[in-house]
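K.L.:
So here's structure-v1.cif (mmCIF, C-alpha atoms (C1' of nucleotides)).
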data_model
#
loop_
_atom_site.label_atom_id
_atom_site.label_comp_id
_atom_site.auth_asym_id
_atom_site.auth_seq_id
_atom_site.Cartn_x
_atom_site.Cartn_y
_atom_site.Cartn_z
CA MET A 27 64.66 -2.53 30.46
CA ALA A 28 62.87 -5.83 29.73
CA MET A 29 60.02 -4.89 32.00
CA GLU A 30 57.55 -7.37 33.43
CA GLN A 31 54.83 -7.93 30.88
CA GLU A 32 51.53 -7.00 32.47
CA ILE A 33 48.92 -9.68 31.93
CA ASN A 34 46.04 -7.88 30.30
CA THR A 35 43.80 -8.53 27.34
CA GLU A 36 46.06 -6.70 24.92
CA SER A 37 49.15 -8.76 25.76
CA THR A 38 47.13 -11.98 25.91
CA ILE A 39 46.00 -11.34 22.36
CA LEU A 40 49.51 -10.62 21.17
CA LYS A 41 50.83 -13.77 22.76
CA ALA A 42 48.14 -15.91 21.14
CA ALA A 43 48.67 -14.15 17.82
CA LYS A 44 52.40 -14.84 17.98
CA GLU A 45 51.92 -18.53 18.55
CA ILE A 46 49.51 -18.99 15.68
CA PHE A 47 50.96 -16.60 13.12
CA ILE A 48 54.44 -18.01 13.63
CA LYS A 49 53.28 -21.55 13.08
CA LYS A 50 50.75 -21.00 10.32
CA GLY A 51 51.73 -17.77 8.59
CA PHE A 52 49.48 -14.90 7.64
CA ASP A 53 47.17 -16.67 5.21
CA GLY A 54 46.93 -19.81 7.30
CA THR A 55 45.77 -17.95 10.38
CA THR A 56 42.24 -16.74 11.11
CA MET A 57 41.12 -14.15 13.60
CA LYS A 58 38.82 -16.79 15.04
CA ASP A 59 41.82 -19.03 15.80
CA ILE A 60 43.58 -16.22 17.61
CA ALA A 61 40.52 -15.24 19.58
CA GLY A 62 39.98 -18.84 20.55
CA LYS A 63 43.56 -19.29 21.72
CA ALA A 64 43.35 -16.04 23.69
CA GLY A 65 40.03 -17.06 25.23
CA ILE A 66 38.11 -14.01 24.06
CA ASN A 67 35.90 -13.11 21.13
CA LYS A 68 36.87 -11.77 17.73
CA SER A 69 35.62 -8.24 18.30
CA LEU A 70 38.27 -7.59 20.90
CA LEU A 71 41.01 -8.33 18.43
CA HIS A 72 39.77 -5.48 16.29
CA TYR A 73 39.20 -3.30 19.31
CA TYR A 74 42.87 -3.56 20.29
CA TYR A 75 44.58 -4.02 16.95
CA ARG A 76 42.11 -2.68 14.38
CA SER A 77 42.94 -5.22 11.65
CA LYS A 78 44.54 -8.59 11.00
CA GLU A 79 47.27 -6.96 8.95
CA ASN A 80 48.09 -4.62 11.81
CA LEU A 81 48.23 -7.38 14.39
CA PHE A 82 50.41 -9.41 12.09
CA ARG A 83 52.90 -6.57 11.67
CA LYS A 84 53.31 -6.35 15.42
CA VAL A 85 54.08 -10.06 15.60
CA LEU A 86 56.52 -9.97 12.69
CA GLY A 87 58.25 -6.96 14.18
CA GLU A 88 58.78 -8.63 17.52
CA ALA A 89 60.03 -11.82 15.90
CA PHE A 90 62.50 -9.87 13.83
CA LYS A 91 63.61 -7.67 16.69
CA GLN A 92 64.50 -10.68 18.81
CA PHE A 93 67.41 -11.58 16.57
CA ILE A 94 69.04 -8.18 16.27
CA PRO A 95 70.80 -7.90 19.65
CA VAL A 96 72.79 -11.11 19.05
CA VAL A 97 74.53 -9.61 16.04
CA ASN A 98 75.14 -6.28 17.69
CA LYS A 99 76.45 -7.67 20.95
CA THR A 100 78.75 -10.27 19.45
CA MET A 101 80.24 -7.98 16.88
CA MET A 102 80.90 -5.13 19.28
CA THR A 103 82.73 -7.26 21.82
CA ASP A 104 86.50 -6.94 21.87
CA ILE A 105 87.60 -10.50 21.20
CA SER A 106 89.48 -12.21 18.38
CA PHE A 107 87.81 -12.90 15.04
CA PHE A 108 87.70 -16.65 15.52
CA GLU A 109 86.30 -16.22 19.01
CA LYS A 110 83.62 -13.95 17.62
CA ILE A 111 82.54 -16.63 15.19
CA GLU A 112 82.47 -19.14 18.02
CA ILE A 113 80.37 -16.96 20.33
CA PHE A 114 78.05 -15.94 17.51
CA VAL A 115 77.35 -19.50 16.43
CA GLU A 116 76.74 -20.65 19.97
CA THR A 117 74.42 -17.80 20.94
CA TYR A 118 72.54 -17.97 17.69
CA ILE A 119 71.90 -21.71 17.79
CA ASP A 120 70.76 -21.47 21.42
CA MET A 121 68.38 -18.73 20.43
CA ILE A 122 66.85 -20.56 17.48
CA THR A 123 66.56 -23.72 19.53
CA GLU A 124 64.30 -21.80 21.89
CA ASN A 125 62.33 -20.26 19.01
CA PRO A 126 62.64 -22.82 16.25
CA TYR A 127 59.73 -21.58 14.15
CA ILE A 128 60.83 -17.96 13.89
CA PRO A 129 63.40 -18.21 11.08
CA GLY A 130 60.98 -20.05 8.81
CA PHE A 131 58.25 -17.62 9.72
CA VAL A 132 60.36 -14.58 8.83
CA LEU A 133 61.64 -16.12 5.60
CA GLN A 134 58.18 -17.13 4.49
CA GLU A 135 56.75 -13.71 5.19
CA LEU A 136 59.55 -11.86 3.44
CA ASN A 137 58.93 -13.96 0.36
CA ARG A 138 55.20 -13.30 0.54
CA ASN A 139 55.73 -9.59 0.85
CA PRO A 140 59.29 -8.51 -0.04
CA LYS A 141 58.43 -4.84 0.32
CA GLY A 142 57.78 -5.50 3.97
CA ILE A 143 61.51 -5.76 4.66
CA THR A 144 62.25 -2.16 3.91
CA GLU A 145 59.50 -1.13 6.26
CA LEU A 146 60.72 -3.57 8.89
CA ILE A 147 64.26 -2.26 8.73
CA GLU A 148 63.07 1.34 8.91
CA ASN A 149 61.17 0.51 12.08
CA PHE A 150 64.23 -0.92 13.76
CA ARG A 151 66.89 1.51 12.65
CA GLY A 152 67.31 2.46 16.27
CA TYR A 153 68.04 -1.09 17.34
CA ILE A 154 70.43 -1.99 14.58
CA LYS A 155 73.91 -0.68 14.94
CA ASN A 156 73.88 0.69 11.44
CA ASN A 157 77.56 0.17 10.99
CA ALA A 158 77.56 -3.45 12.17
CA LEU A 159 77.91 -4.76 8.63
CA GLU A 160 80.62 -2.22 7.93
CA LEU A 161 82.51 -3.37 11.01
CA ILE A 162 82.31 -7.01 10.01
CA ASN A 163 83.65 -6.21 6.57
CA GLU A 164 86.53 -4.25 8.07
CA GLN A 165 87.38 -7.03 10.46
CA ILE A 166 87.41 -9.66 7.72
CA GLN A 167 89.65 -7.43 5.61
CA LYS A 168 91.97 -6.93 8.56
CA GLU A 169 92.31 -10.68 9.11
CA VAL A 170 93.01 -11.18 5.41
CA ASN A 171 95.68 -8.49 5.39
CA ALA A 172 97.29 -9.93 8.50
CA GLY A 173 97.57 -13.27 6.69
CA ILE A 174 95.45 -15.03 9.30
CA ILE A 175 92.67 -16.07 6.94
CA ASN A 176 92.51 -16.72 3.21
CA PRO A 177 91.08 -13.99 0.98
CA VAL A 178 87.30 -14.22 1.04
CA LYS A 179 84.51 -11.85 0.06
CA PRO A 180 82.67 -10.79 3.21
CA GLN A 181 79.30 -11.27 1.48
CA HIS A 182 80.02 -14.94 0.92
CA LEU A 183 81.42 -15.54 4.37
CA ILE A 184 78.46 -13.90 6.08
CA THR A 185 75.96 -15.75 3.89
CA ASN A 186 77.72 -19.05 4.51
CA LEU A 187 77.72 -18.50 8.25
CA ILE A 188 74.03 -17.70 8.44
CA ALA A 189 73.08 -20.45 6.00
CA LEU A 190 74.90 -23.08 8.05
CA LEU A 191 73.14 -21.86 11.18
CA ILE A 192 69.59 -21.40 10.04
CA PHE A 193 69.05 -23.99 7.33
CA PRO A 194 68.96 -27.08 9.58
CA PHE A 195 66.06 -25.46 11.43
CA VAL A 196 63.94 -24.33 8.48
CA ALA A 197 64.52 -27.60 6.63
CA ARG A 198 64.10 -29.76 9.69
CA PRO A 199 61.10 -31.79 8.48
CA ILE A 200 62.78 -33.00 5.34
CA LEU A 201 66.31 -33.41 6.71
CA GLN A 202 65.05 -35.24 9.76
CA THR A 203 63.08 -37.61 7.57
CA ILE A 204 65.60 -38.29 4.86
CA ILE A 205 68.88 -38.23 6.78
CA PHE A 206 67.74 -39.32 10.25
CA ASN A 207 64.87 -41.64 9.45
CA ASN A 208 62.56 -39.28 11.33
CA ASP A 209 64.25 -39.80 14.70
CA VAL A 210 63.45 -36.64 16.70
CA GLU A 211 65.98 -37.16 19.46
CA LEU A 212 68.74 -37.94 17.01
CA TYR A 213 67.98 -34.70 15.18
CA ASN A 214 68.07 -32.71 18.41
CA MET A 215 71.51 -34.11 19.14
CA PHE A 216 72.55 -33.30 15.60
CA LEU A 217 71.51 -29.67 16.10
CA LYS A 218 73.52 -29.47 19.32
CA GLU A 219 76.56 -30.92 17.63
CA ARG A 220 76.40 -28.20 15.03
CA LYS A 221 77.58 -25.63 17.55
CA LYS A 222 81.07 -27.07 17.33
CA GLU A 223 80.70 -28.49 13.85
CA VAL A 224 79.83 -25.22 12.13
CA VAL A 225 82.62 -23.34 13.87
CA LYS A 226 85.09 -26.02 12.88
CA PHE A 227 83.79 -26.09 9.34
CA ILE A 228 84.11 -22.34 8.84
CA ILE A 229 87.44 -21.79 10.55
CA ASN A 230 88.92 -24.82 8.80
CA SER A 231 87.88 -23.31 5.53
CA ILE A 232 89.17 -19.78 5.93
CA LYS A 233 92.19 -20.22 8.20
CA LYS A 234 95.50 -19.86 6.44
CA LYS A 235 97.61 -22.94 7.01
CA MET B 6 60.79 -40.22 -22.09
CA ALA B 7 60.11 -36.53 -21.44
CA MET B 8 57.27 -36.51 -23.92
CA GLU B 9 55.87 -33.40 -25.51
CA GLN B 10 53.28 -31.97 -23.17
CA GLU B 11 50.00 -31.82 -25.06
CA ILE B 12 48.34 -28.45 -24.73
CA ASN B 13 44.91 -29.24 -23.39
CA THR B 14 42.76 -27.89 -20.60
CA GLU B 15 44.12 -30.29 -18.03
CA SER B 16 47.75 -29.30 -18.59
CA THR B 17 46.87 -25.61 -18.85
CA ILE B 18 45.30 -25.81 -15.42
CA LEU B 19 48.29 -27.58 -13.95
CA LYS B 20 50.66 -25.01 -15.38
CA ALA B 21 48.66 -22.12 -13.97
CA ALA B 22 48.32 -23.90 -10.63
CA LYS B 23 52.08 -24.42 -10.47
CA GLU B 24 52.83 -20.77 -11.01
CA ILE B 25 50.45 -19.54 -8.36
CA PHE B 26 50.86 -22.25 -5.72
CA ILE B 27 54.63 -21.99 -5.91
CA LYS B 28 54.60 -18.25 -5.41
CA LYS B 29 51.80 -17.97 -2.87
CA GLY B 30 51.60 -21.32 -1.13
CA PHE B 31 48.49 -23.34 -0.41
CA ASP B 32 46.67 -20.92 1.86
CA GLY B 33 47.57 -17.86 -0.19
CA THR B 34 46.15 -19.30 -3.39
CA THR B 35 42.49 -19.37 -4.42
CA MET B 36 40.85 -21.50 -7.05
CA LYS B 37 39.61 -18.29 -8.63
CA ASP B 38 43.22 -17.10 -9.11
CA ILE B 39 44.17 -20.35 -10.80
CA ALA B 40 41.10 -20.37 -13.05
CA GLY B 41 41.82 -16.76 -14.00
CA LYS B 42 45.43 -17.49 -14.86
CA ALA B 43 44.38 -20.53 -16.90
CA GLY B 44 41.68 -18.54 -18.68
CA ILE B 45 38.83 -20.83 -17.72
CA ASN B 46 36.20 -20.97 -15.02
CA LYS B 47 36.44 -22.47 -11.58
CA SER B 48 34.19 -25.43 -12.28
CA LEU B 49 36.71 -26.94 -14.66
CA LEU B 50 39.32 -27.06 -11.94
CA HIS B 51 37.08 -29.35 -9.97
CA TYR B 52 36.09 -31.31 -13.05
CA TYR B 53 39.73 -32.22 -13.71
CA TYR B 54 41.22 -32.28 -10.24
CA ARG B 55 38.23 -32.73 -7.91
CA SER B 56 39.60 -30.54 -5.09
CA LYS B 57 42.12 -27.83 -4.27
CA GLU B 58 44.01 -30.20 -2.02
CA ASN B 59 44.30 -32.71 -4.82
CA LEU B 60 45.51 -30.17 -7.35
CA PHE B 61 48.02 -28.90 -4.84
CA ARG B 62 49.46 -32.36 -4.26
CA LYS B 63 50.07 -32.75 -7.97
CA VAL B 64 51.98 -29.46 -8.03
CA LEU B 65 54.01 -30.27 -4.93
CA GLY B 66 54.84 -33.68 -6.30
CA GLU B 67 56.15 -32.30 -9.58
CA ALA B 68 58.18 -29.61 -7.83
CA PHE B 69 59.74 -32.23 -5.57
CA LYS B 70 60.36 -34.70 -8.37
CA GLN B 71 62.30 -32.12 -10.36
CA PHE B 72 65.15 -32.14 -7.89
CA ILE B 73 65.61 -35.86 -7.49
CA PRO B 74 67.49 -36.72 -10.73
CA VAL B 75 70.30 -34.28 -9.93
CA VAL B 76 71.27 -36.20 -6.83
CA ASN B 77 70.95 -39.57 -8.47
CA LYS B 78 72.87 -38.69 -11.60
CA THR B 79 75.74 -36.90 -9.87
CA MET B 80 76.25 -39.52 -7.22
CA MET B 81 76.20 -42.47 -9.61
CA THR B 82 78.79 -41.04 -11.98
CA ASP B 83 82.25 -42.49 -11.73
CA ILE B 84 84.35 -39.41 -10.92
CA SER B 85 86.42 -38.32 -7.94
CA PHE B 86 84.77 -37.13 -4.75
CA PHE B 87 85.87 -33.52 -5.18
CA GLU B 88 84.69 -33.54 -8.77
CA LYS B 89 81.34 -34.86 -7.63
CA ILE B 90 80.95 -31.97 -5.25
CA GLU B 91 81.86 -29.58 -8.05
CA ILE B 92 79.40 -31.03 -10.54
CA PHE B 93 76.65 -31.26 -7.95
CA VAL B 94 77.01 -27.65 -6.85
CA GLU B 95 77.06 -26.40 -10.43
CA THR B 96 74.06 -28.42 -11.61
CA TYR B 97 72.08 -27.65 -8.52
CA ILE B 98 72.63 -23.89 -8.62
CA ASP B 99 71.75 -23.81 -12.33
CA MET B 100 68.59 -25.68 -11.56
CA ILE B 101 67.46 -23.43 -8.73
CA THR B 102 68.32 -20.36 -10.76
CA GLU B 103 65.78 -21.50 -13.31
CA ASN B 104 63.20 -22.35 -10.63
CA PRO B 105 64.08 -19.97 -7.80
CA TYR B 106 60.76 -20.24 -5.95
CA ILE B 107 60.68 -24.00 -5.67
CA PRO B 108 62.96 -24.53 -2.65
CA GLY B 109 61.04 -22.00 -0.57
CA PHE B 110 57.79 -23.50 -1.72
CA VAL B 111 58.77 -27.01 -0.71
CA LEU B 112 60.20 -25.91 2.63
CA GLN B 113 57.13 -23.86 3.48
CA GLU B 114 54.79 -26.70 2.61
CA LEU B 115 56.73 -29.30 4.56
CA ASN B 116 56.55 -27.06 7.61
CA ARG B 117 52.83 -26.54 7.11
CA ASN B 118 52.20 -30.25 6.80
CA PRO B 119 55.16 -32.34 7.97
CA LYS B 120 53.25 -35.57 7.51
CA GLY B 121 53.15 -34.80 3.79
CA ILE B 122 56.81 -35.71 3.42
CA THR B 123 56.35 -39.36 4.19
CA GLU B 124 53.60 -39.51 1.61
CA LEU B 125 55.73 -37.61 -0.89
CA ILE B 126 58.67 -39.93 -0.45
CA GLU B 127 56.45 -42.99 -0.76
CA ASN B 128 55.15 -41.66 -4.07
CA PHE B 129 58.62 -41.27 -5.49
CA ARG B 130 60.31 -44.39 -4.20
CA GLY B 131 60.71 -45.47 -7.79
CA TYR B 132 62.58 -42.32 -8.73
CA ILE B 133 64.91 -42.20 -5.79
CA LYS B 134 67.83 -44.55 -5.91
CA ASN B 135 67.09 -45.77 -2.44
CA ASN B 136 70.72 -46.39 -1.68
CA ALA B 137 71.92 -42.96 -2.82
CA LEU B 138 72.39 -41.76 0.76
CA GLU B 139 74.14 -45.00 1.64
CA LEU B 140 76.51 -44.52 -1.27
CA ILE B 141 77.35 -40.98 -0.23
CA ASN B 142 78.12 -42.13 3.29
CA GLU B 143 80.37 -44.88 1.99
CA GLN B 144 82.22 -42.53 -0.28
CA ILE B 145 82.84 -40.01 2.48
CA GLN B 146 84.11 -42.78 4.73
CA LYS B 147 86.39 -44.01 1.96
CA GLU B 148 87.91 -40.54 1.49
CA VAL B 149 88.43 -40.23 5.23
CA ASN B 150 90.16 -43.61 5.42
CA ALA B 151 92.35 -42.77 2.47
CA GLY B 152 93.51 -39.68 4.34
CA ILE B 153 92.24 -37.36 1.61
CA ILE B 154 89.74 -35.50 3.77
CA ASN B 155 89.49 -34.80 7.47
CA PRO B 156 87.11 -36.93 9.53
CA VAL B 157 83.60 -35.55 9.20
CA LYS B 158 80.17 -36.92 9.91
CA PRO B 159 78.33 -37.41 6.62
CA GLN B 160 75.14 -35.88 8.08
CA HIS B 161 76.91 -32.61 8.75
CA LEU B 162 78.69 -32.52 5.42
CA ILE B 163 75.51 -33.18 3.46
CA THR B 164 73.54 -30.64 5.47
CA ASN B 165 76.28 -28.04 5.03
CA LEU B 166 76.41 -28.60 1.30
CA ILE B 167 72.66 -28.24 0.81
CA ALA B 168 72.43 -25.30 3.20
CA LEU B 169 75.12 -23.38 1.34
CA LEU B 170 73.34 -24.04 -1.95
CA ILE B 171 69.73 -23.37 -1.09
CA PHE B 172 69.79 -20.72 1.60
CA PRO B 173 70.83 -17.77 -0.62
CA PHE B 174 67.74 -18.44 -2.71
CA VAL B 175 65.16 -18.83 0.05
CA ALA B 176 66.57 -15.88 1.99
CA ARG B 177 67.08 -13.74 -1.08
CA PRO B 178 64.76 -10.86 -0.08
CA ILE B 179 66.48 -10.20 3.20
CA LEU B 180 70.06 -10.91 2.12
CA GLN B 181 69.67 -8.81 -1.01
CA THR B 182 68.35 -5.94 1.04
CA ILE B 183 70.76 -6.02 3.96
CA ILE B 184 73.99 -7.11 2.32
CA PHE B 185 73.51 -5.77 -1.23
CA ASN B 186 71.45 -2.68 -0.63
CA ASN B 187 68.68 -4.24 -2.72
CA ASP B 188 70.71 -4.30 -5.94
CA VAL B 189 69.13 -7.08 -8.02
CA GLU B 190 71.90 -7.39 -10.58
CA LEU B 191 74.56 -7.48 -7.90
CA TYR B 192 72.71 -10.29 -6.19
CA ASN B 193 72.43 -12.27 -9.43
CA MET B 194 76.19 -12.00 -9.85
CA PHE B 195 76.63 -13.04 -6.25
CA LEU B 196 74.58 -16.18 -6.89
CA LYS B 197 76.68 -17.03 -9.94
CA GLU B 198 79.88 -16.55 -7.97
CA ARG B 199 78.69 -19.06 -5.45
CA LYS B 200 79.20 -21.92 -7.88
CA LYS B 201 82.93 -21.60 -7.37
CA GLU B 202 82.75 -20.09 -3.93
CA VAL B 203 80.76 -22.91 -2.31
CA VAL B 204 82.99 -25.58 -3.85
CA LYS B 205 86.09 -23.78 -2.63
CA PHE B 206 84.58 -23.27 0.80
CA ILE B 207 83.69 -26.91 1.26
CA ILE B 208 86.80 -28.49 -0.18
CA ASN B 209 89.00 -26.06 1.71
CA SER B 210 87.30 -27.13 4.89
CA ILE B 211 87.47 -30.88 4.53
CA LYS B 212 90.66 -31.43 2.51
CA LYS B 213 93.55 -32.76 4.51
CA LYS B 214 96.56 -30.51 4.15
"C1'" DG C 16 33.92 -30.78 -21.80
"C1'" DT C 17 32.60 -26.29 -20.76
"C1'" DC C 18 29.67 -23.04 -19.15
"C1'" DT C 19 26.36 -20.31 -15.57
"C1'" DA C 20 24.17 -20.34 -11.38
"C1'" DT C 21 24.20 -21.30 -6.86
"C1'" DA C 22 24.81 -23.74 -2.33
"C1'" DC C 23 26.88 -23.24 1.96
"C1'" DA C 24 30.53 -22.28 5.21
"C1'" DC C 25 33.66 -19.11 6.68
"C1'" DT C 26 36.34 -14.75 6.40
"C1'" DG C 27 37.57 -9.98 8.42
"C1'" DA C 28 35.28 -6.30 10.17
"C1'" DT C 29 31.56 -3.24 12.30
"C1'" DA C 30 27.32 -1.79 15.13
"C1'" DG C 31 25.33 -1.46 19.20
"C1'" DA C 32 23.80 -3.27 23.88
"C1'" DC C 33 25.66 -3.65 28.42
"C1'" DG D 18 36.18 -2.98 27.77
"C1'" DT D 19 33.65 -6.86 26.55
"C1'" DC D 20 29.97 -9.02 24.66
"C1'" DT D 21 26.30 -10.70 20.80
"C1'" DA D 22 24.57 -10.08 16.40
"C1'" DT D 23 25.30 -9.26 11.92
"C1'" DC D 24 27.32 -7.46 7.55
"C1'" DA D 25 29.33 -7.87 2.97
"C1'" DG D 26 32.61 -10.43 0.72
"C1'" DT D 27 34.97 -14.57 -0.59
"C1'" DG D 28 36.16 -19.49 -0.12
"C1'" DT D 29 35.52 -24.37 -2.12
"C1'" DA D 30 32.54 -27.17 -4.23
"C1'" DT D 31 28.35 -28.88 -6.79
"C1'" DA D 32 24.06 -28.95 -9.96
"C1'" DG D 33 22.41 -28.69 -14.18
"C1'" DA D 34 21.96 -26.61 -18.91
"C1'" DC D 35 24.20 -26.86 -23.27
#
Would you mind writing the file's structure down as structure tokens?

P.N.:
Amino acid sequence: MAMEQEINTESTILKAAKEIFIKKGFDGTTMKDIAGKAGINKSLLHYYYRSKENLFRKVLGEAFKQFIPVVNKTMMTDISFFEKIEIFVETYIDMITENPYIPGFVLQELNRNPKGITELIENFRGYIKNNALELINEQIQKEVNAGIINPVKPQHLITNLIALLIFPFVARPILQTIIFNNDVELYNMFLKERKKEVVKFIINSIKKK
Amino acid sequence: MAMEQEINTESTILKAAKEIFIKKGFDGTTMKDIAGKAGINKSLLHYYYRSKENLFRKVLGEAFKQFIPVVNKTMMTDISFFEKIEIFVETYIDMITENPYIPGFVLQELNRNPKGITELIENFRGYIKNNALELINEQIQKEVNAGIINPVKPQHLITNLIALLIFPFVARPILQTIIFNNDVELYNMFLKERKKEVVKFIINSIKKK
DNA sequence: GTCTATACACTGATAGAC
DNA sequence: GTCTATCAGTGTATAGAC
């Protein structure tokens, strides 16, 4: 799959739309901005995408879609539970590092329009291994029963894992300022360190001693 | 302090502005919406606050200010480190539960206008015990030296703590949908559980065994 | 202080020429 | 397919009467 993206007006528009929507959100973006970035006039946006709302949905969908395969792939691999956590954390942080604005963009949008999630999930049923969550729950339960990890509700463990991964990116401006005196390079190093730090933090917490 | 808020036009406007700005952000809010909510006409908004930007800053400032005393108070109290974590988590979750939109609002705004943070912090220098962070660092170091907790960089511990607290609120729409099948009551219970769960998770992770 | 009326720029979207 | 011209609506902000 992953075919070469043809460079035509339609894809140029989408690319420009992505950049601006993801940085500025729905309300903060104007069709004029997008047209300008794409180097064309406003009419063409409507010619190809009919409305702002419609164009936005395409962008949101693609942003969302990008993060699905990581979960699927990691969870389906046949490795130990602790290794899974390690791989997941590493892949996920790499991914956000390359697209640092996406998590904030998705969160913001889902707060603006919570109904949009249902629609979003419907649209990607095919991509999501619909039993992925089920599998994670089973695996956690198995590790608990085997006495490898302490009893823990899967909902909390999953939430903790994702929170530890994503939060430093969505809260970067304030954390960087308050904790790192606004030193950009120091914060980048901090984010890299978290690959090992988060894994250590989680496993330390749940591993039966 | 904490004087009775007089009910006059000025405070009515601010209250209405808070509600709408916090839910919809700067770009998503119109002066007409605020005037409508306050039950007055648009002109009065400008009479009292001169501009949208200005009114917004007042709202952002108050939202930000609300969360400062929790840190100060908890950190200055003379109790053990683990107790501090416990008190902090409990107070903080209670606070966000009562103002669930504020963290998302602040994060969104600081991403929209990162320069705003510096200004914000300047404005509240008086409120922030400017050595609070220093004190936390010292205390963590002390616990490490005493062999009570494992070595951990304060930056990571602080980030982890805040991430675990705030993330379930800012990501509520998506977590509630995916993990809890959109059951509101179940999610409220989940949030309550986190008071104990987060404390356990953190202490488990750092406590030397 | 509070209102109505209005200025003026900009928004998303459409019509129609090429 | 791509452009220019333009629409109707809405945005913030101000002027001026009371």

K.L.:
Report, in Å to a single decimal, how far apart CA of Val97 in chain A and CA of Arg177 in chain B are.

P.N.:
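Going from CA of Arg177 in chain B over to CA of Val97 in chain A, I get 19.1 Å.
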
K.L.:
Counting only C-alpha atoms (C1' of nucleotides), which residues have an atom no more than 12 Å from (53.3, -27.7, 6.8) in the file's coordinates? Please list them as a ChimeraX atom specification.

P.N.:
/A:48-51,54,127,130-131,134,196-200 /B:30-32,110-122

K.L.:
What does the structure give for the distance between CA of Leu190 in chain A and CA of Asn165 in chain B, in Å to one decimal?

P.N.:
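A separation of 6.0 Å between them.
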
K.L.:
Need to verify the contact set: DA22 in chain D, 12 Å, only C-alpha atoms (C1' of nucleotides), exclusion of same-chain residues closer than 6 positions in sequence. Can you return it as a list of chain:residue names?

P.N.:
A:Ser69, C:DT29, C:DA30, C:DG31, C:DA32

K.L.:
Quick one: which residues end up in the PyMOL selection byres ((chain B) within 9 of (chain C)) for this structure, as an MDAnalysis selection string?

P.N.:
chainID B and resid 45:46 48:49

K.L.:
Report the distance between CA of Ala68 in chain B and CA of Asn104 in chain B in Å, rounded to one decimal place.

P.N.:
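CA of Asn104 in chain B lies 9.3 Å from CA of Ala68 in chain B.
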
K.L.:
Please write the residues picked by the PyMOL selection byres ((chain B) within 12 of (chain D)) on this file as JSON, numbers by chain.

P.N.:
{"B": [32, 33, 34, 35, 36, 37, 38, 47, 48, 49, 50, 51, 52, 54, 55, 56, 57, 58]}

K.L.:
Could you check the closest approach to Phe195 in chain B for each of B:Leu162, B:Leu60, B:Ile98, B:Ile154 and tell me which residue wins, using all atoms listed in the file?

P.N.:
B:Ile98
